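Below: the structure, in structure tokens.
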Amino acid sequence: MPGTSKDVYRTFYGSEYRYTGTRGARRCYRPPMRRAALILLPALAVVTAGHPLAQNDWVHAGQDPGATKFSTLAQITTENVKNLKRAWTFHTGDPSGFFESGLLVVDGIMYFSAQNGVFALDGATGQQLWKYATDGTARRGPLYWAGGGNVGPRIFTQTANGMAALDPKTGTVITTFGEKGFVTGLRMSSPPVAWKNTIVTQGGNSDVKAWDAVTGEPRWVLNLKAQPGDPNAKTWFGDSLKTAGGPGLWGYFSVDEARGLLYVPVEKVGNDYYGGPHHGENLYSDCLLAVDIATGKIKWYQQLVHHDIWDMDLAAAPTLFDARIGTRTVPSVALITKMGLLFLFNRETGEPLFGMEERPVPQTTVNGEWTSKTQPFPVKPAPLARNSMTKAEIATVTPELEAYCRNLWDKYQLSDTVPYNPWKEKQDIIVFPGAIGGGNWQGTMFNRPLGLIITNVMNVGQWGHLEERQPGAGRGGGRRGGGDAGAGAAGAGAGAAGRAGRAGEEPEIAAAPVGVRGMSKVTPEGGRFWEPQSRYGCSQPPWGELVAVNANTGDIAWHVPLGAFPELEAKGIKTGQPSLGGGITTAGNLVFIGATIDGVFRAFDARNGAELWREKLEAPAHSIPSSYLGKDGKQYIAVPAGGGGFLRSPTSDTVIAWRVQ
């Protein structure tokens with residue numbers, strides 16, 4: 001890449017997208033971006049934040065507070081994984097299926113939630129030890145808190161009555177916490193996190209909330225919408241700061257325990273992303289926040305989508321790792337996005353590891369809408385998922401698929417697409433990736449000895465157009481409220497620690513029309529840019545991939561198709577498949593993942609992406625596996641196989657565990 005970005009072309013899967021201007025126009029940190037040449041080293045043994053020793057348990061949804069999804073256990077290796085056999089299968093009894101819970105394992109006991117309750121099992125046998133019957137659980141599971149002082153461990157979980165504190169030994173409610181065992185008013189889809197005696201949760205509105213883990217008393221509230229007095233309030237144009245709508249939160253937190261920092265992936269502005277009243281860059285929507293977990297103050301932020309009209313909000317747990325760049329060891333954080341872009345930052349300062357650029361993108365033509373002139377792109381790594389398409393790239397996998405997709409293109413007068421293609425009024429367009437990614441909530445894995453960041457992505461487009469929405473017809477006005485009264489104090493001063501320069505300037509289009517009318521997205525034939533019966537993509541494959549990135553250089557180390565359509569695989573055609581949910585990686589040089597729609601659980605060689613083992617499941621594992629040491633001293637791999645979700649997968653109520661036999 002040249003030293004300046006003037007008149008440069010960047011290739012996105014065969015399409016060239018022109019951008020001009022200077023690099024690093026928007027920064028979240030005060031020091032200037034370093035442009036000195038870096039000494040790029042091969043993958044080295046780099047370490048994550050904390051937990052350097054072998055862990056027999058799987059205590060967090062991402063294994064450790066930094067969400068590396070890395071197991072130090074190495075009984076199961078690339079040599080003996082072929083001998084992996086199902087050890088047990090457990091049925092939750094929930095007829096609806098579709099659960100994505102992380103499987104937490106502590107001292108050989110497994111804890112997880114389904115839609116009909118919270119369960120504890122013997123991790124070696126699958127025998128149920130207790131069940132707390134409830135509904136309204138967080139779909140992605142509970143939190144295990146190890147306790148502190150004279151207070152023993154607790155399980156914190158969302159229920160129909162609010163966040164409950166349960167005794168891990170019995171599953172009974174600990175009534176000394178909160179109001180007879182509950183904190184009400186929360187709406188958590190993902191688990192809370194803990195730091196010392198502080199529990200941090202998603203709030204009931206546009207906020208993050210912290211609680212005393214012993215008493216349930218509130219500690220602080222962080223508003224995710226810049227409040228009056230914050231310089232970043234200027235990123236809300238017109239009167240939009242005064243409206244109820246604001247960013248939300250549905251994804252995972254991560255914690256740097258040593259530094260006392262909480263990492264928060266923030267959602268878009270409610271469901272109000274088509275022609276709504278909230279113009280401007282809308283801080284802190286679509287931001288990665290680093291927050292002082294003791295006080296709730298923002299230390300730094302990076303906004304990864306400006307004014308999100310595409311539903312490209314952030315949801316993955318930021319992955320904490322240490323990179324070796326030249327002679328420096330850099331504490332780092334990785335975040336994969338729905339845009340298929342992997343952003344890598346210094347987790348202390350927010351500085352991009354390998355550069356980040358604001359690149360011009362197409363602008364909206366819809367009356368009453370506003371789009372940012374530029375969007376952020378990492379210089380490295382290259383996009384991990386398709387984010388553009390031309391007519392020449394229509395899939396030719398089968399004659400029937402090609403004919404269907406060409407007819408679709410011609411019938412609806414579709415045109416070539418580039419990153420951040422804005423929706424048009426009454427004219428259908430294609431957007432890559434679609435609203436389910438790219439990447440999604442599953443996030444990345446970090447294989448510590450190999451120095452590889454590994455993730456699964458899908459290349460599924462979305463298509464449709466906008467039509468005027470009648471008042472009160474849904475999708476508008478903001479889905480969540482503006483937060484608790486007086487809560488803005490926790491976010492005050494964020495502009496000073498945040499992106500220097502632009503966020504504090506007057507907006508270029510301060511007079512942009514606000515709230516002229518609402519728009520709804522219309523998808524004439526299903527919305528996904530695929531053939532709906534077969535779910536074959538209309539773009540050339542791969543339609544799903546497993547990708548590894550060298551954490552020390554930002555270069556893509558390898559990528560392979562993930563998932564298979566059996567009828568195509570029988571002909572030697574490897575296309576990959578859409579996937580939701582993620583994988584884990586181990587010290588045995590393995591990656592385990594079952595997120596694809598074919599419902600197959602697979603093991604790959606983490607060094608090169610070679611598939612080594614597979615087994616058909618009762619339903620796709622749209623979840624994240626776990627690995628742990630059972631009470632019998634054996635290493636297990638386990639995963640919920642609940643199916644369901646946006647990819648129209650069949651459902652099941654099974655949790656499955658394997659060991660080498």
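Chain labels follow the order of the structure tokens: the first chain is A, the next B, and so on; residue numbering restarts at 1 in every chain, and ligands are counted from 1 in their shown order.
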
What's the 6 Å shell around Val264 (chain A), counting only C-alpha atoms, without same-chain residues fewer than 4 positions away, as a PDB file with C-alpha atoms, in the first residue's frame?
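Output (selection.pdb):
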```pdb
ATOM      1  CA  PHE A 253     -18.417  -8.018  27.025  1.00  0.00           C
ATOM      2  CA  LEU A 288     -15.826  -0.506  20.621  1.00  0.00           C
ATOM      3  CA  LEU A 289     -15.559   1.077  24.079  1.00  0.00           C
TER       4      LEU A 289
END
```

### Task
Excluding region 137-149 of chain A and residues on its chain fewer than 2 positions from it, collect all residues at most 8 Å away from it, counting only C-alpha atoms, and give them as a ChimeraX atom specification.
/A:59-61,99-104,111-118,134-135,151-160,188-194,196-197,623

### Task
Point out the residue among A:Lys131, A:Ser206, A:Lys391, A:Phe237 with the least atom-to-atom distance to Val173 (chain A), counting only C-alpha atoms.
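Ranked by minimum distance to Val173 (chain A), first place goes to A:Lys131.
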
### Query
Which polymer residues have any atom within 6 Å of an atom of Arg347 (chain A), counting only C-alpha atoms, with same-chain residues fewer than 6 positions away left out, as a list of chain:residue names?
A:Pro331, A:Ser332, A:Val333

With N, CA and C atoms kept, could you save the residues just selected as a compact mmCIF listing (two decimals), in the first residue's frame?
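See result20.txt below for the written result:
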```
# COMPACT_ATOMS: atom_id res chain seq x y z
N PRO A 331 -0.16 -5.04 24.07
CA PRO A 331 -1.46 -5.55 24.54
C PRO A 331 -2.53 -5.15 23.55
N SER A 332 -3.27 -6.12 23.04
CA SER A 332 -4.13 -5.87 21.88
C SER A 332 -5.53 -6.41 22.09
N VAL A 333 -6.44 -5.96 21.22
CA VAL A 333 -7.82 -6.42 21.22
C VAL A 333 -8.27 -6.57 19.78
```

#### Entry: Nearest residue to Thr455 (chain A) from the set A:Ala315, A:Ala385, A:Val655, A:Val330 (distances using only C-alpha atoms)
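Result for the nearest residue to Thr455 (chain A): A:Ala385.
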
### Task
Identify, on the basis of only C-alpha atoms, every residue whose closest approach to Glu611 (chain A) does not exceed 10 Å; exclude the query and any residue fewer than 4 positions from it along the same chain; express the result as number ranges by chain.
A: 78, 560-562, 590-592, 602-606

### Task
Tell me which protein, DNA and RNA residues are within 10 Å of Leu320 (chain A), counting only C-alpha atoms, leaving out same-chain ones fewer than 2 positions away, and put them as a list in words.
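Counting only the stated atoms, we get Val47, Thr48, Ala49, Gly50, Asp64, Pro65, Gly66, Ala67, Thr68, Ser254, Val255, Asp256, Tyr263, Ala317, Pro318, Asp322, Ala323, Pro331, Ser332, Val333, Ala334, Leu335, Leu344, Phe345, Asn346, Arg347, Thr444, Met445 and Phe446 of chain A.
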
Shell of 9 Å around Thr198 (chain A), only C-alpha atoms, local chain residues under 2 positions omitted, as an mmCIF file with N, CA, C and O atoms, in the first residue's frame:
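Below is the file that was written, around-v8.cif:
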```cif
data_model
loop_
_atom_site.group_PDB
_atom_site.id
_atom_site.type_symbol
_atom_site.label_atom_id
_atom_site.label_comp_id
_atom_site.auth_asym_id
_atom_site.auth_seq_id
_atom_site.Cartn_x
_atom_site.Cartn_y
_atom_site.Cartn_z
ATOM 1 N N VAL A 193 -20.606 -10.006 32.945
ATOM 2 C CA VAL A 193 -19.218 -10.336 33.270
ATOM 3 C C VAL A 193 -18.931 -9.853 34.682
ATOM 4 O O VAL A 193 -19.666 -9.029 35.244
ATOM 5 N N ALA A 194 -17.834 -10.362 35.250
ATOM 6 C CA ALA A 194 -17.470 -10.010 36.619
ATOM 7 C C ALA A 194 -16.039 -9.510 36.668
ATOM 8 O O ALA A 194 -15.177 -9.962 35.909
ATOM 9 N N TRP A 195 -15.794 -8.580 37.562
ATOM 10 C CA TRP A 195 -14.449 -8.107 37.895
ATOM 11 C C TRP A 195 -14.445 -7.839 39.389
ATOM 12 O O TRP A 195 -15.186 -6.996 39.875
ATOM 13 N N LYS A 196 -13.642 -8.623 40.110
ATOM 14 C CA LYS A 196 -13.643 -8.568 41.571
ATOM 15 C C LYS A 196 -15.084 -8.766 42.058
ATOM 16 O O LYS A 196 -15.700 -9.770 41.736
ATOM 17 N N VAL A 200 -21.188 -6.659 35.681
ATOM 18 C CA VAL A 200 -21.594 -5.702 34.654
ATOM 19 C C VAL A 200 -22.578 -6.378 33.717
ATOM 20 O O VAL A 200 -22.344 -7.508 33.253
ATOM 21 N N ALA A 210 -23.600 -1.573 36.260
ATOM 22 C CA ALA A 210 -22.747 -2.356 37.145
ATOM 23 C C ALA A 210 -23.431 -2.524 38.495
ATOM 24 O O ALA A 210 -24.127 -1.613 38.970
ATOM 25 N N TRP A 211 -23.186 -3.695 39.107
ATOM 26 C CA TRP A 211 -23.865 -4.064 40.349
ATOM 27 C C TRP A 211 -22.868 -4.672 41.326
ATOM 28 O O TRP A 211 -21.865 -5.247 40.915
ATOM 29 N N ASP A 212 -23.179 -4.566 42.576
ATOM 30 C CA ASP A 212 -22.413 -5.264 43.601
ATOM 31 C C ASP A 212 -22.782 -6.744 43.540
ATOM 32 O O ASP A 212 -23.958 -7.108 43.641
ATOM 33 N N ALA A 213 -21.772 -7.595 43.364
ATOM 34 C CA ALA A 213 -22.039 -9.018 43.184
ATOM 35 C C ALA A 213 -22.566 -9.681 44.451
ATOM 36 O O ALA A 213 -23.183 -10.742 44.381
ATOM 37 N N VAL A 214 -22.340 -9.058 45.586
ATOM 38 C CA VAL A 214 -22.791 -9.640 46.857
ATOM 39 C C VAL A 214 -24.199 -9.182 47.192
ATOM 40 O O VAL A 214 -25.082 -9.990 47.508
ATOM 41 N N ARG A 219 -23.961 0.124 41.125
ATOM 42 C CA ARG A 219 -22.683 0.817 41.312
ATOM 43 C C ARG A 219 -22.513 1.976 40.344
ATOM 44 O O ARG A 219 -22.093 3.047 40.731
ATOM 45 N N ILE A 293 -13.673 -0.237 34.587
ATOM 46 C CA ILE A 293 -14.734 -1.056 35.164
ATOM 47 C C ILE A 293 -15.047 -0.665 36.609
ATOM 48 O O ILE A 293 -16.114 -0.980 37.131
ATOM 49 N N ALA A 294 -14.132 0.050 37.245
ATOM 50 C CA ALA A 294 -14.386 0.485 38.614
ATOM 51 C C ALA A 294 -15.316 1.691 38.664
ATOM 52 O O ALA A 294 -16.061 1.863 39.637
#
```

### Query
So how far away is CA of Asn456 (chain A) from CA of Asn552 (chain A), in Å?
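Taking CA of Asn552 (chain A) as the start and CA of Asn456 (chain A) as the end point, the length is 19.6 Å.
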
### Query
With distances taken over only C-alpha atoms, which of A:Glu402, A:Glu351, A:Glu545, A:Asp311 is nearest to Arg386 (chain A)?
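Residue with the minimum atom-to-atom distance to Arg386 (chain A): A:Glu545.
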
#### Entry: DSSP-assigned strand (DSSP E) among region 155-372 of chain A, expressed as an MDAnalysis selection string
chainID A and resid 155:159 162:166 182:183 193:195 198:202 207:212 218:223 254:256 261:265 287:292 298:303 319:325 328:336 342:346 356:360

### Task
Excluding Phe177 (chain A) and residues on its chain fewer than 6 positions from it, collect all residues at most 10 Å away from it, counting only C-alpha atoms, and give them as a list in words.
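My list of contacting residues is Ala164, Ala165, Leu166, Val183, Asp212, Ala213, Val214, Thr215, Gly216 and Glu217 of chain A.
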
Kindly save the residues from that selection, with N, CA, C and O atoms included, as a PDB file, in the first residue's frame.
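part_31.pdb written:
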```
ATOM      1  N   ALA A 164     -31.057 -13.293  38.210  1.00  0.00           N
ATOM      2  CA  ALA A 164     -31.089 -14.073  39.439  1.00  0.00           C
ATOM      3  C   ALA A 164     -29.686 -14.485  39.841  1.00  0.00           C
ATOM      4  O   ALA A 164     -28.802 -14.668  39.000  1.00  0.00           O
ATOM      5  N   ALA A 165     -29.472 -14.648  41.143  1.00  0.00           N
ATOM      6  CA  ALA A 165     -28.246 -15.223  41.689  1.00  0.00           C
ATOM      7  C   ALA A 165     -28.585 -16.613  42.214  1.00  0.00           C
ATOM      8  O   ALA A 165     -29.457 -16.762  43.080  1.00  0.00           O
ATOM      9  N   LEU A 166     -27.919 -17.636  41.661  1.00  0.00           N
ATOM     10  CA  LEU A 166     -28.197 -19.023  42.034  1.00  0.00           C
ATOM     11  C   LEU A 166     -26.998 -19.632  42.739  1.00  0.00           C
ATOM     12  O   LEU A 166     -25.843 -19.296  42.449  1.00  0.00           O
ATOM     13  N   VAL A 183     -32.409  -8.950  40.481  1.00  0.00           N
ATOM     14  CA  VAL A 183     -32.339  -7.548  40.063  1.00  0.00           C
ATOM     15  C   VAL A 183     -33.255  -7.426  38.854  1.00  0.00           C
ATOM     16  O   VAL A 183     -33.050  -8.096  37.837  1.00  0.00           O
ATOM     17  N   ASP A 212     -23.179  -4.566  42.576  1.00  0.00           N
ATOM     18  CA  ASP A 212     -22.413  -5.264  43.601  1.00  0.00           C
ATOM     19  C   ASP A 212     -22.782  -6.744  43.540  1.00  0.00           C
ATOM     20  O   ASP A 212     -23.958  -7.108  43.641  1.00  0.00           O
ATOM     21  N   ALA A 213     -21.772  -7.595  43.364  1.00  0.00           N
ATOM     22  CA  ALA A 213     -22.039  -9.018  43.184  1.00  0.00           C
ATOM     23  C   ALA A 213     -22.566  -9.681  44.451  1.00  0.00           C
ATOM     24  O   ALA A 213     -23.183 -10.742  44.381  1.00  0.00           O
ATOM     25  N   VAL A 214     -22.340  -9.058  45.586  1.00  0.00           N
ATOM     26  CA  VAL A 214     -22.791  -9.640  46.857  1.00  0.00           C
ATOM     27  C   VAL A 214     -24.199  -9.182  47.192  1.00  0.00           C
ATOM     28  O   VAL A 214     -25.082  -9.990  47.508  1.00  0.00           O
ATOM     29  N   THR A 215     -24.450  -7.881  47.089  1.00  0.00           N
ATOM     30  CA  THR A 215     -25.734  -7.341  47.536  1.00  0.00           C
ATOM     31  C   THR A 215     -26.724  -7.081  46.409  1.00  0.00           C
ATOM     32  O   THR A 215     -27.929  -6.994  46.658  1.00  0.00           O
ATOM     33  N   GLY A 216     -26.231  -6.907  45.178  1.00  0.00           N
ATOM     34  CA  GLY A 216     -27.113  -6.544  44.077  1.00  0.00           C
ATOM     35  C   GLY A 216     -27.376  -5.057  43.989  1.00  0.00           C
ATOM     36  O   GLY A 216     -28.170  -4.616  43.144  1.00  0.00           O
ATOM     37  N   GLU A 217     -26.708  -4.248  44.826  1.00  0.00           N
ATOM     38  CA  GLU A 217     -26.907  -2.805  44.776  1.00  0.00           C
ATOM     39  C   GLU A 217     -26.221  -2.219  43.535  1.00  0.00           C
ATOM     40  O   GLU A 217     -25.157  -2.682  43.126  1.00  0.00           O
TER      41      GLU A 217
END
```
